[in-house]
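Undergrad: You'll find start_28.tsv just under this line, and it carries TSV, C-alpha atoms.
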```tsv
chain	number	residue	atom	x	y	z
U	1	ASN	CA	151.53	49.76	-142.80
U	2	ALA	CA	154.35	48.34	-144.90
U	3	GLY	CA	152.35	45.12	-145.37
U	4	VAL	CA	154.47	42.08	-146.21
U	5	THR	CA	158.11	42.78	-146.92
U	6	GLN	CA	160.70	40.40	-148.31
U	7	THR	CA	164.46	40.66	-148.58
U	8	PRO	CA	166.49	40.36	-150.66
U	9	LYS	CA	164.71	41.08	-153.94
U	10	PHE	CA	167.31	39.17	-155.95
U	11	GLN	CA	169.90	36.60	-154.98
U	12	VAL	CA	172.39	34.42	-156.83
U	13	LEU	CA	173.86	31.43	-155.04
U	14	LYS	CA	176.26	28.69	-155.92
U	15	THR	CA	175.27	25.08	-155.45
U	16	GLY	CA	175.77	24.03	-151.85
U	17	GLN	CA	175.58	27.50	-150.33
U	18	SER	CA	173.04	28.28	-147.66
U	19	MET	CA	171.03	31.42	-147.13
U	20	THR	CA	167.97	32.85	-145.44
U	21	LEU	CA	165.13	34.62	-147.17
U	22	GLN	CA	163.54	37.15	-144.88
U	23	CYS	CA	159.83	37.85	-144.56
U	24	ALA	CA	158.15	40.28	-142.20
U	25	GLN	CA	154.64	41.64	-141.76
U	26	ASP	CA	153.36	44.48	-139.62
U	27	MET	CA	149.65	43.61	-139.67
U	28	ASN	CA	149.69	41.34	-136.59
U	29	HIS	CA	148.71	38.38	-138.74
U	30	GLU	CA	148.80	34.96	-137.15
U	31	TYR	CA	149.11	32.98	-140.37
U	32	MET	CA	152.20	33.18	-142.56
U	33	SER	CA	153.39	31.01	-145.41
U	34	TRP	CA	156.03	30.56	-148.09
U	35	TYR	CA	155.34	29.69	-151.72
U	36	ARG	CA	157.59	29.14	-154.67
U	37	GLN	CA	156.60	29.93	-158.22
U	38	ASP	CA	158.15	28.17	-161.19
U	39	PRO	CA	157.28	28.79	-164.84
U	40	GLY	CA	154.23	26.82	-165.90
U	41	MET	CA	153.65	25.34	-162.45
U	42	GLY	CA	151.79	27.99	-160.49
U	43	LEU	CA	152.53	28.64	-156.82
U	44	ARG	CA	153.33	25.76	-154.50
U	45	LEU	CA	153.26	25.89	-150.72
U	46	ILE	CA	156.61	25.21	-149.01
U	47	HIS	CA	155.94	25.79	-145.29
U	48	TYR	CA	153.39	27.63	-143.22
U	49	SER	CA	152.83	28.82	-139.68
U	50	VAL	CA	149.63	29.43	-137.76
U	51	GLY	CA	151.31	31.39	-135.00
U	52	ALA	CA	154.58	32.04	-133.21
U	53	GLY	CA	156.30	28.78	-132.36
U	54	ILE	CA	154.13	26.70	-134.72
U	55	THR	CA	155.20	25.64	-138.19
U	56	ASP	CA	154.24	22.86	-140.57
U	57	GLN	CA	155.17	21.51	-143.98
U	58	GLY	CA	153.41	22.33	-147.20
U	59	GLU	CA	153.59	20.55	-150.53
U	60	VAL	CA	157.29	20.98	-151.29
U	61	PRO	CA	159.22	21.32	-148.00
U	62	ASN	CA	162.37	19.37	-148.84
U	63	GLY	CA	165.52	21.47	-148.73
U	64	TYR	CA	163.92	24.26	-146.72
U	65	ASN	CA	163.62	25.06	-143.03
U	66	VAL	CA	161.49	27.64	-141.27
U	67	SER	CA	161.01	28.99	-137.77
U	68	ARG	CA	158.58	31.45	-136.24
U	69	SER	CA	159.94	33.03	-133.11
U	70	THR	CA	157.82	36.18	-133.40
U	71	THR	CA	154.45	37.01	-134.92
U	72	GLU	CA	156.09	39.43	-137.34
U	73	ASP	CA	158.89	37.35	-138.88
U	74	PHE	CA	158.93	34.08	-140.83
U	75	PRO	CA	162.36	33.41	-142.38
U	76	LEU	CA	162.93	30.65	-144.93
U	77	ARG	CA	166.28	28.89	-144.85
U	78	LEU	CA	167.85	27.07	-147.75
U	79	LEU	CA	170.15	24.51	-146.21
U	80	SER	CA	172.27	23.57	-149.23
U	81	ALA	CA	171.13	25.30	-152.38
U	82	ALA	CA	170.52	23.28	-155.52
U	83	PRO	CA	169.76	24.43	-159.09
U	84	SER	CA	166.25	22.95	-158.67
U	85	GLN	CA	165.59	25.67	-156.08
U	86	THR	CA	165.94	28.39	-158.68
U	87	SER	CA	162.58	30.07	-158.42
U	88	VAL	CA	160.63	33.10	-157.28
U	89	TYR	CA	159.71	32.90	-153.61
U	90	PHE	CA	156.67	34.61	-152.15
U	91	CYS	CA	155.78	35.09	-148.53
U	92	ALA	CA	152.13	35.60	-147.56
U	93	SER	CA	150.21	36.40	-144.40
U	94	SER	CA	146.63	36.61	-143.22
U	95	TYR	CA	144.78	37.32	-140.01
U	96	SER	CA	142.95	33.99	-140.15
U	97	TRP	CA	143.66	30.70	-141.87
U	98	LEU	CA	140.07	29.51	-141.81
U	99	ALA	CA	138.72	29.24	-145.34
U	100	GLY	CA	135.91	31.69	-145.88
U	101	GLY	CA	136.20	33.24	-142.48
U	102	PRO	CA	136.77	36.94	-141.87
U	103	GLY	CA	140.31	38.11	-142.38
U	104	ASN	CA	141.31	35.06	-144.36
U	105	GLU	CA	142.41	36.89	-147.48
U	106	GLN	CA	146.15	36.48	-147.88
U	107	PHE	CA	148.54	39.36	-148.49
U	108	PHE	CA	151.62	38.55	-150.52
U	109	GLY	CA	155.04	40.12	-150.49
U	110	PRO	CA	156.85	41.32	-153.63
U	111	GLY	CA	158.92	38.16	-153.95
U	112	THR	CA	162.57	37.11	-153.92
U	113	ARG	CA	164.06	35.97	-157.21
U	114	LEU	CA	166.64	33.28	-156.49
U	115	THR	CA	169.06	31.77	-158.97
U	116	VAL	CA	171.22	28.81	-157.99
U	117	LEU	CA	174.15	28.14	-160.28
B	1	ASP	CA	139.51	20.61	-153.06
B	2	ALA	CA	137.52	20.94	-156.24
B	3	LYS	CA	139.48	21.60	-159.41
B	4	THR	CA	138.90	24.71	-161.47
B	5	THR	CA	138.99	25.30	-165.20
B	6	GLN	CA	139.69	28.71	-166.67
B	7	PRO	CA	140.41	29.92	-170.19
B	8	THR	CA	144.09	30.40	-170.86
B	9	SER	CA	143.73	33.96	-172.05
B	10	MET	CA	141.20	36.71	-172.72
B	11	ASP	CA	141.24	40.21	-174.16
B	12	CYS	CA	139.22	43.20	-173.10
B	13	ALA	CA	138.99	46.78	-174.31
B	14	GLU	CA	139.89	49.49	-171.84
B	15	GLY	CA	136.81	50.92	-170.15
B	16	ARG	CA	134.69	47.88	-170.89
B	17	ALA	CA	133.65	45.21	-168.43
B	18	ALA	CA	135.89	42.17	-168.21
B	19	ASN	CA	134.05	38.93	-167.48
B	20	LEU	CA	136.32	36.09	-166.45
B	21	PRO	CA	134.69	32.65	-166.22
B	22	CYS	CA	135.63	29.74	-163.99
B	23	ASN	CA	134.27	26.24	-163.95
B	24	HIS	CA	134.28	24.29	-160.69
B	25	SER	CA	131.76	21.56	-161.32
B	26	THR	CA	132.94	19.34	-158.44
B	27	ILE	CA	132.71	22.01	-155.76
B	28	SER	CA	131.25	20.85	-152.46
B	29	GLY	CA	128.85	22.66	-150.23
B	30	ASN	CA	131.37	24.08	-147.79
B	31	GLU	CA	133.93	25.23	-150.35
B	32	TYR	CA	134.44	28.88	-151.17
B	33	VAL	CA	135.39	30.42	-154.51
B	34	TYR	CA	138.33	32.80	-154.31
B	35	TRP	CA	139.82	35.06	-156.92
B	36	TYR	CA	143.37	36.38	-156.87
B	37	ARG	CA	145.36	38.10	-159.56
B	38	GLN	CA	149.04	38.49	-160.28
B	39	ILE	CA	150.34	41.44	-162.18
B	40	HIS	CA	153.59	40.70	-163.94
B	41	SER	CA	156.51	40.11	-161.55
B	42	GLN	CA	154.46	41.03	-158.49
B	43	GLY	CA	153.02	38.97	-155.67
B	44	PRO	CA	149.44	37.71	-156.01
B	45	GLN	CA	146.69	40.05	-154.87
B	46	TYR	CA	143.40	39.03	-153.28
B	47	ILE	CA	140.33	40.23	-155.16
B	48	ILE	CA	137.18	38.67	-153.75
B	49	HIS	CA	135.62	35.46	-152.47
B	50	GLY	CA	132.16	33.98	-152.00
B	51	LEU	CA	130.24	30.89	-151.01
B	52	LYS	CA	126.92	30.98	-152.83
B	53	ASN	CA	125.70	34.56	-152.90
B	54	ASN	CA	126.94	37.13	-155.34
B	55	GLU	CA	129.55	39.41	-153.85
B	56	THR	CA	130.80	42.87	-154.71
B	57	ASN	CA	133.63	44.98	-153.39
B	58	GLU	CA	135.57	47.98	-154.58
B	59	MET	CA	137.59	45.91	-157.02
B	60	ALA	CA	135.14	43.50	-158.61
B	61	SER	CA	131.92	41.50	-158.53
B	62	LEU	CA	131.65	37.75	-158.18
B	63	ILE	CA	128.67	35.98	-159.69
B	64	ILE	CA	128.20	32.35	-158.62
B	65	THR	CA	125.62	30.23	-160.43
B	66	GLU	CA	122.79	28.76	-158.42
B	67	ASP	CA	124.19	25.24	-158.71
B	68	ARG	CA	127.64	26.64	-157.74
B	69	LYS	CA	129.32	24.80	-160.58
B	70	SER	CA	130.67	27.94	-162.16
B	71	SER	CA	131.37	31.55	-161.41
B	72	THR	CA	132.29	34.78	-163.17
B	73	LEU	CA	134.56	37.53	-161.96
B	74	ILE	CA	133.52	40.90	-163.32
B	75	LEU	CA	135.81	43.92	-163.49
B	76	PRO	CA	133.26	46.62	-164.34
B	77	HIS	CA	135.53	49.12	-166.06
B	78	ALA	CA	138.81	47.48	-166.99
B	79	THR	CA	141.95	49.62	-167.14
B	80	LEU	CA	145.39	48.87	-168.54
B	81	ARG	CA	146.54	48.23	-164.96
B	82	ASP	CA	144.13	45.30	-164.75
B	83	THR	CA	146.27	43.33	-167.20
B	84	ALA	CA	147.27	40.31	-165.12
B	85	VAL	CA	146.86	36.59	-164.60
B	86	TYR	CA	143.62	35.91	-162.74
B	87	TYR	CA	143.34	32.82	-160.59
B	88	CYS	CA	140.08	31.17	-159.58
B	89	ILE	CA	140.63	29.01	-156.49
B	90	VAL	CA	138.24	26.75	-154.65
B	91	ARG	CA	139.05	26.53	-150.98
B	92	GLY	CA	137.37	24.63	-148.20
B	93	LEU	CA	138.00	23.38	-144.73
B	94	GLY	CA	140.44	20.82	-146.10
B	95	SER	CA	142.70	23.56	-147.40
B	96	ASN	CA	142.62	26.05	-144.61
B	97	TYR	CA	146.35	26.39	-144.78
B	98	LYS	CA	147.00	26.85	-148.44
B	99	LEU	CA	145.88	28.35	-151.70
B	100	THR	CA	146.15	26.03	-154.68
B	101	PHE	CA	146.98	28.13	-157.71
B	102	GLY	CA	146.31	26.72	-161.16
B	103	LYS	CA	147.48	28.37	-164.36
B	104	GLY	CA	144.81	31.06	-164.36
B	105	THR	CA	143.61	33.33	-167.14
B	106	LEU	CA	145.86	35.96	-168.65
B	107	LEU	CA	143.65	39.01	-169.10
B	108	THR	CA	145.05	41.59	-171.47
B	109	VAL	CA	143.35	44.98	-171.43
B	110	ASN	CA	143.90	46.78	-174.71
B	111	PRO	CA	143.77	50.55	-175.23
```
Please express what this file holds, its structure, as C-alpha cells.

TA:
Amino acid sequence: NAGVTQTPKFQVLKTGQSMTLQCAQDMNHEYMSWYRQDPGMGLRLIHYSVGAGITDQGEVPNGYNVSRSTTEDFPLRLLSAAPSQTSVYFCASSYSWLAGGPGNEQFFGPGTRLTVL
Amino acid sequence: DAKTTQPTSMDCAEGRAANLPCNHSTISGNEYVYWYRQIHSQGPQYIIHGLKNNETNEMASLIITEDRKSSTLILPHATLRDTAVYYCIVRGLGSNYKLTFGKGTLLTVNP
C-alpha cells in the first residue's frame, strides 16, 4: 500500500491564483480530512469527509473548497490564494471516524508546502 | 474536549526509556487519550491510544492514572529516530471528526 499520498510536495503561487492540492489513499478508508499547519499554531482542521459525496467544514474552511467523488480521492481547492494561506497542508485518512473505535487511528500524508506571494 | 498540558521539551539518552507526561485533568469519562508524533517535516504519525487501561503496542506503552487526569507515554528504548514532537490529544464523541493538536513536547534523543 502507498498509504496517503499528496501532490505536489511544494508549490509557489501568486496572490489571486487558484490551485488544487491532491490527496489520495489506497486503504479504502471512509474518513478523510485536510489540516493546515502554521508555525506555533499546531494543526487545524480545514474540511473533512466521512464518505464519498459527503463533506463538511472544519475549523478554518474559508478560502477552501473540497469534494469527494470517490472513496480514494479528496482534493482541496484554493479558490483565490492569499498570503495568509501560506502553510503546510496535510491530508489524513482513517477507516473509522468514531473516537476510540477500531480503525480510528489517522494516517497522514507527507504534506504539501505552499507559499503564496 | 478536555485540554492537555505537556512539557515544551525533554531530552533522553539513546537506548534509555523516554517517559513523556501529559496532564488532562478535565477529561470526561468517555474521552480517549491519543498520542501522535511528528518527525521534522513529516506528517503526524499515530502511536497509541487508550481509555482507562494501560495499553502497549509495538511502538510504545501508555500508562493512564487511575483517576485519568494524567498519562505517560513510554518509549522503552529510545533511538535517534524517535526525536520528534509528541502530541497528547484527548478525543471524545464530540470530536469524532477531528484531532486537536496542541504544541506538544519536543523529545530530543541524544547519542

Undergrad: Which residues of chain U have any atom within 10 Å of an atom in chain B when counting all atoms listed in the file, and what is the closest pair of atoms for each, with the distance in Å to one decimal? Order the rows by chain and rising number and write it as JSON lines.

TA:
```
{"residue": "U:Tyr31", "atom": "CA", "partner": "B:Tyr97", "partner_atom": "CA", "distance": 8.4}
{"residue": "U:Met32", "atom": "CA", "partner": "B:Tyr97", "partner_atom": "CA", "distance": 9.2}
{"residue": "U:Ser33", "atom": "CA", "partner": "B:Lys98", "partner_atom": "CA", "distance": 8.2}
{"residue": "U:Trp34", "atom": "CA", "partner": "B:Lys98", "partner_atom": "CA", "distance": 9.8}
{"residue": "U:Tyr35", "atom": "CA", "partner": "B:Lys98", "partner_atom": "CA", "distance": 9.4}
{"residue": "U:Gln37", "atom": "CA", "partner": "B:Phe101", "partner_atom": "CA", "distance": 9.8}
{"residue": "U:Pro39", "atom": "CA", "partner": "B:Lys103", "partner_atom": "CA", "distance": 9.8}
{"residue": "U:Gly40", "atom": "CA", "partner": "B:Lys103", "partner_atom": "CA", "distance": 7.1}
{"residue": "U:Met41", "atom": "CA", "partner": "B:Lys103", "partner_atom": "CA", "distance": 7.1}
{"residue": "U:Gly42", "atom": "CA", "partner": "B:Phe101", "partner_atom": "CA", "distance": 5.6}
{"residue": "U:Leu43", "atom": "CA", "partner": "B:Phe101", "partner_atom": "CA", "distance": 5.6}
{"residue": "U:Arg44", "atom": "CA", "partner": "B:Thr100", "partner_atom": "CA", "distance": 7.2}
{"residue": "U:Leu45", "atom": "CA", "partner": "B:Lys98", "partner_atom": "CA", "distance": 6.7}
{"residue": "U:Ile46", "atom": "CA", "partner": "B:Lys98", "partner_atom": "CA", "distance": 9.8}
{"residue": "U:His47", "atom": "CA", "partner": "B:Lys98", "partner_atom": "CA", "distance": 9.5}
{"residue": "U:Tyr48", "atom": "CA", "partner": "B:Tyr97", "partner_atom": "CA", "distance": 7.3}
{"residue": "U:Ser49", "atom": "CA", "partner": "B:Tyr97", "partner_atom": "CA", "distance": 8.6}
{"residue": "U:Val50", "atom": "CA", "partner": "B:Tyr97", "partner_atom": "CA", "distance": 8.3}
{"residue": "U:Asp56", "atom": "CA", "partner": "B:Tyr97", "partner_atom": "CA", "distance": 9.6}
{"residue": "U:Gly58", "atom": "CA", "partner": "B:Lys98", "partner_atom": "CA", "distance": 7.9}
{"residue": "U:Glu59", "atom": "CA", "partner": "B:Lys98", "partner_atom": "CA", "distance": 9.4}
{"residue": "U:Val88", "atom": "CA", "partner": "B:Ser41", "partner_atom": "CA", "distance": 9.2}
{"residue": "U:Tyr89", "atom": "CA", "partner": "B:Gly43", "partner_atom": "CA", "distance": 9.3}
{"residue": "U:Phe90", "atom": "CA", "partner": "B:Gly43", "partner_atom": "CA", "distance": 6.7}
{"residue": "U:Cys91", "atom": "CA", "partner": "B:Gly43", "partner_atom": "CA", "distance": 8.6}
{"residue": "U:Ala92", "atom": "CA", "partner": "B:Gly43", "partner_atom": "CA", "distance": 8.8}
{"residue": "U:Ser96", "atom": "CA", "partner": "B:Asn96", "partner_atom": "CA", "distance": 9.1}
{"residue": "U:Trp97", "atom": "CA", "partner": "B:Asn96", "partner_atom": "CA", "distance": 5.5}
{"residue": "U:Leu98", "atom": "CA", "partner": "B:Asn96", "partner_atom": "CA", "distance": 5.1}
{"residue": "U:Ala99", "atom": "CA", "partner": "B:Asn96", "partner_atom": "CA", "distance": 5.1}
{"residue": "U:Gly100", "atom": "CA", "partner": "B:Tyr32", "partner_atom": "CA", "distance": 6.2}
{"residue": "U:Gly101", "atom": "CA", "partner": "B:Asn96", "partner_atom": "CA", "distance": 9.9}
{"residue": "U:Asn104", "atom": "CA", "partner": "B:Asn96", "partner_atom": "CA", "distance": 9.1}
{"residue": "U:Glu105", "atom": "CA", "partner": "B:Tyr46", "partner_atom": "CA", "distance": 6.3}
{"residue": "U:Gln106", "atom": "CA", "partner": "B:Tyr46", "partner_atom": "CA", "distance": 6.6}
{"residue": "U:Phe107", "atom": "CA", "partner": "B:Gln45", "partner_atom": "CA", "distance": 6.7}
{"residue": "U:Phe108", "atom": "CA", "partner": "B:Gly43", "partner_atom": "CA", "distance": 5.4}
{"residue": "U:Gly109", "atom": "CA", "partner": "B:Gly43", "partner_atom": "CA", "distance": 5.7}
{"residue": "U:Pro110", "atom": "CA", "partner": "B:Gly43", "partner_atom": "CA", "distance": 4.9}
{"residue": "U:Gly111", "atom": "CA", "partner": "B:Gly43", "partner_atom": "CA", "distance": 6.2}
{"residue": "U:Thr112", "atom": "CA", "partner": "B:Gly43", "partner_atom": "CA", "distance": 9.9}
{"residue": "U:Arg113", "atom": "CA", "partner": "B:Ser41", "partner_atom": "CA", "distance": 9.6}
```

Undergrad: Looking at B:Thr72, B:Lys3, B:Thr79, B:Val109, which one is nearest to Thr26 (chain B), with distances taken over all atoms listed in the file?

TA: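 For Thr26 (chain B), the nearest of the candidates is B:Lys3.
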
Undergrad: Which distance in Å separates CA of Leu80 (chain B) and CA of Pro7 (chain B), to one decimal?

TA: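 Atom-to-atom, CA of Leu80 (chain B) and CA of Pro7 (chain B) are spaced 19.7 Å apart.
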
Undergrad: Nearest to Asp67 (chain B): which of B:Thr105, B:Gln6, B:Ser28, B:Asn19 is it, counting only C-alpha atoms?

TA: B:Ser28

Undergrad: In Å, with one decimal, what is the gap from CA of Ala81 (chain U) to CA of Gln25 (chain U)?

TA: 25.5 Å

Undergrad: List every protein, DNA or RNA residue that has an atom no more than 8 Å from (164.6, 29.0, -146.1) in the file's coordinate frame, counting all atoms listed in the file, and report them as a VMD selection string.

TA: chain U and resid 19 to 21 64 to 66 75 to 79

Undergrad: Can you tell me how far CA of Ile39 (chain B) sits from CA of Leu106 (chain B), in Å to one decimal?

TA: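 Computing the Euclidean distance for CA of Ile39 (chain B) and CA of Leu106 (chain B) yields 9.6 Å.
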
Undergrad: Can you tell me, as a count of residues only, what residues are no more than 10 Å from Leu13 (chain U) when counting only C-alpha atoms, ignoring any on the same chain fewer than 4 positions away?

TA: 12

Undergrad: Could you tell me which of U:Gln85, U:Gln6, U:Glu72, U:Asn1 comes closest to Cys23 (chain U) if we count all atoms listed in the file?

TA: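 Between U:Gln85, U:Gln6, U:Glu72, U:Asn1, the residue approaching Cys23 (chain U) most closely is U:Gln6.
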
Undergrad: Can you put N, CA and C atoms back into region 96-108 of chain U and show it as a PDB file, in the frame of the given file?

TA:
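So rebuild.pdb came out as:
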```
ATOM      1  N   SER U  96     143.520  35.302-140.460  1.00  0.00           N
ATOM      2  CA  SER U  96     142.950  33.990-140.150  1.00  0.00           C
ATOM      3  C   SER U  96     143.319  32.996-141.230  1.00  0.00           C
ATOM      4  N   TRP U  97     143.398  31.734-140.878  1.00  0.00           N
ATOM      5  CA  TRP U  97     143.660  30.700-141.870  1.00  0.00           C
ATOM      6  C   TRP U  97     142.390  29.915-142.210  1.00  0.00           C
ATOM      7  N   LEU U  98     141.296  30.274-141.607  1.00  0.00           N
ATOM      8  CA  LEU U  98     140.070  29.510-141.810  1.00  0.00           C
ATOM      9  C   LEU U  98     139.417  29.919-143.122  1.00  0.00           C
ATOM     10  N   ALA U  99     139.283  28.953-144.033  1.00  0.00           N
ATOM     11  CA  ALA U  99     138.720  29.240-145.340  1.00  0.00           C
ATOM     12  C   ALA U  99     137.348  29.883-145.201  1.00  0.00           C
ATOM     13  N   GLY U 100     137.181  30.997-145.871  1.00  0.00           N
ATOM     14  CA  GLY U 100     135.910  31.690-145.880  1.00  0.00           C
ATOM     15  C   GLY U 100     135.659  32.594-144.709  1.00  0.00           C
ATOM     16  N   GLY U 101     136.423  32.434-143.668  1.00  0.00           N
ATOM     17  CA  GLY U 101     136.200  33.240-142.480  1.00  0.00           C
ATOM     18  C   GLY U 101     136.707  34.662-142.648  1.00  0.00           C
ATOM     19  N   PRO U 102     136.311  35.552-141.758  1.00  0.00           N
ATOM     20  CA  PRO U 102     136.770  36.940-141.870  1.00  0.00           C
ATOM     21  C   PRO U 102     138.281  37.032-141.706  1.00  0.00           C
ATOM     22  N   GLY U 103     138.875  37.897-142.488  1.00  0.00           N
ATOM     23  CA  GLY U 103     140.310  38.110-142.380  1.00  0.00           C
ATOM     24  C   GLY U 103     141.146  36.997-142.969  1.00  0.00           C
ATOM     25  N   ASN U 104     140.558  36.185-143.827  1.00  0.00           N
ATOM     26  CA  ASN U 104     141.310  35.060-144.360  1.00  0.00           C
ATOM     27  C   ASN U 104     141.998  35.386-145.674  1.00  0.00           C
ATOM     28  N   GLU U 105     141.740  36.571-146.225  1.00  0.00           N
ATOM     29  CA  GLU U 105     142.410  36.890-147.480  1.00  0.00           C
ATOM     30  C   GLU U 105     143.902  37.054-147.208  1.00  0.00           C
ATOM     31  N   GLN U 106     144.704  36.483-148.089  1.00  0.00           N
ATOM     32  CA  GLN U 106     146.150  36.480-147.880  1.00  0.00           C
ATOM     33  C   GLN U 106     146.801  37.653-148.609  1.00  0.00           C
ATOM     34  N   PHE U 107     147.753  38.269-147.919  1.00  0.00           N
ATOM     35  CA  PHE U 107     148.540  39.360-148.490  1.00  0.00           C
ATOM     36  C   PHE U 107     149.910  38.803-148.832  1.00  0.00           C
ATOM     37  N   PHE U 108     150.345  39.070-150.046  1.00  0.00           N
ATOM     38  CA  PHE U 108     151.620  38.550-150.520  1.00  0.00           C
ATOM     39  C   PHE U 108     152.677  39.647-150.561  1.00  0.00           C
TER      40      PHE U 108
END
```
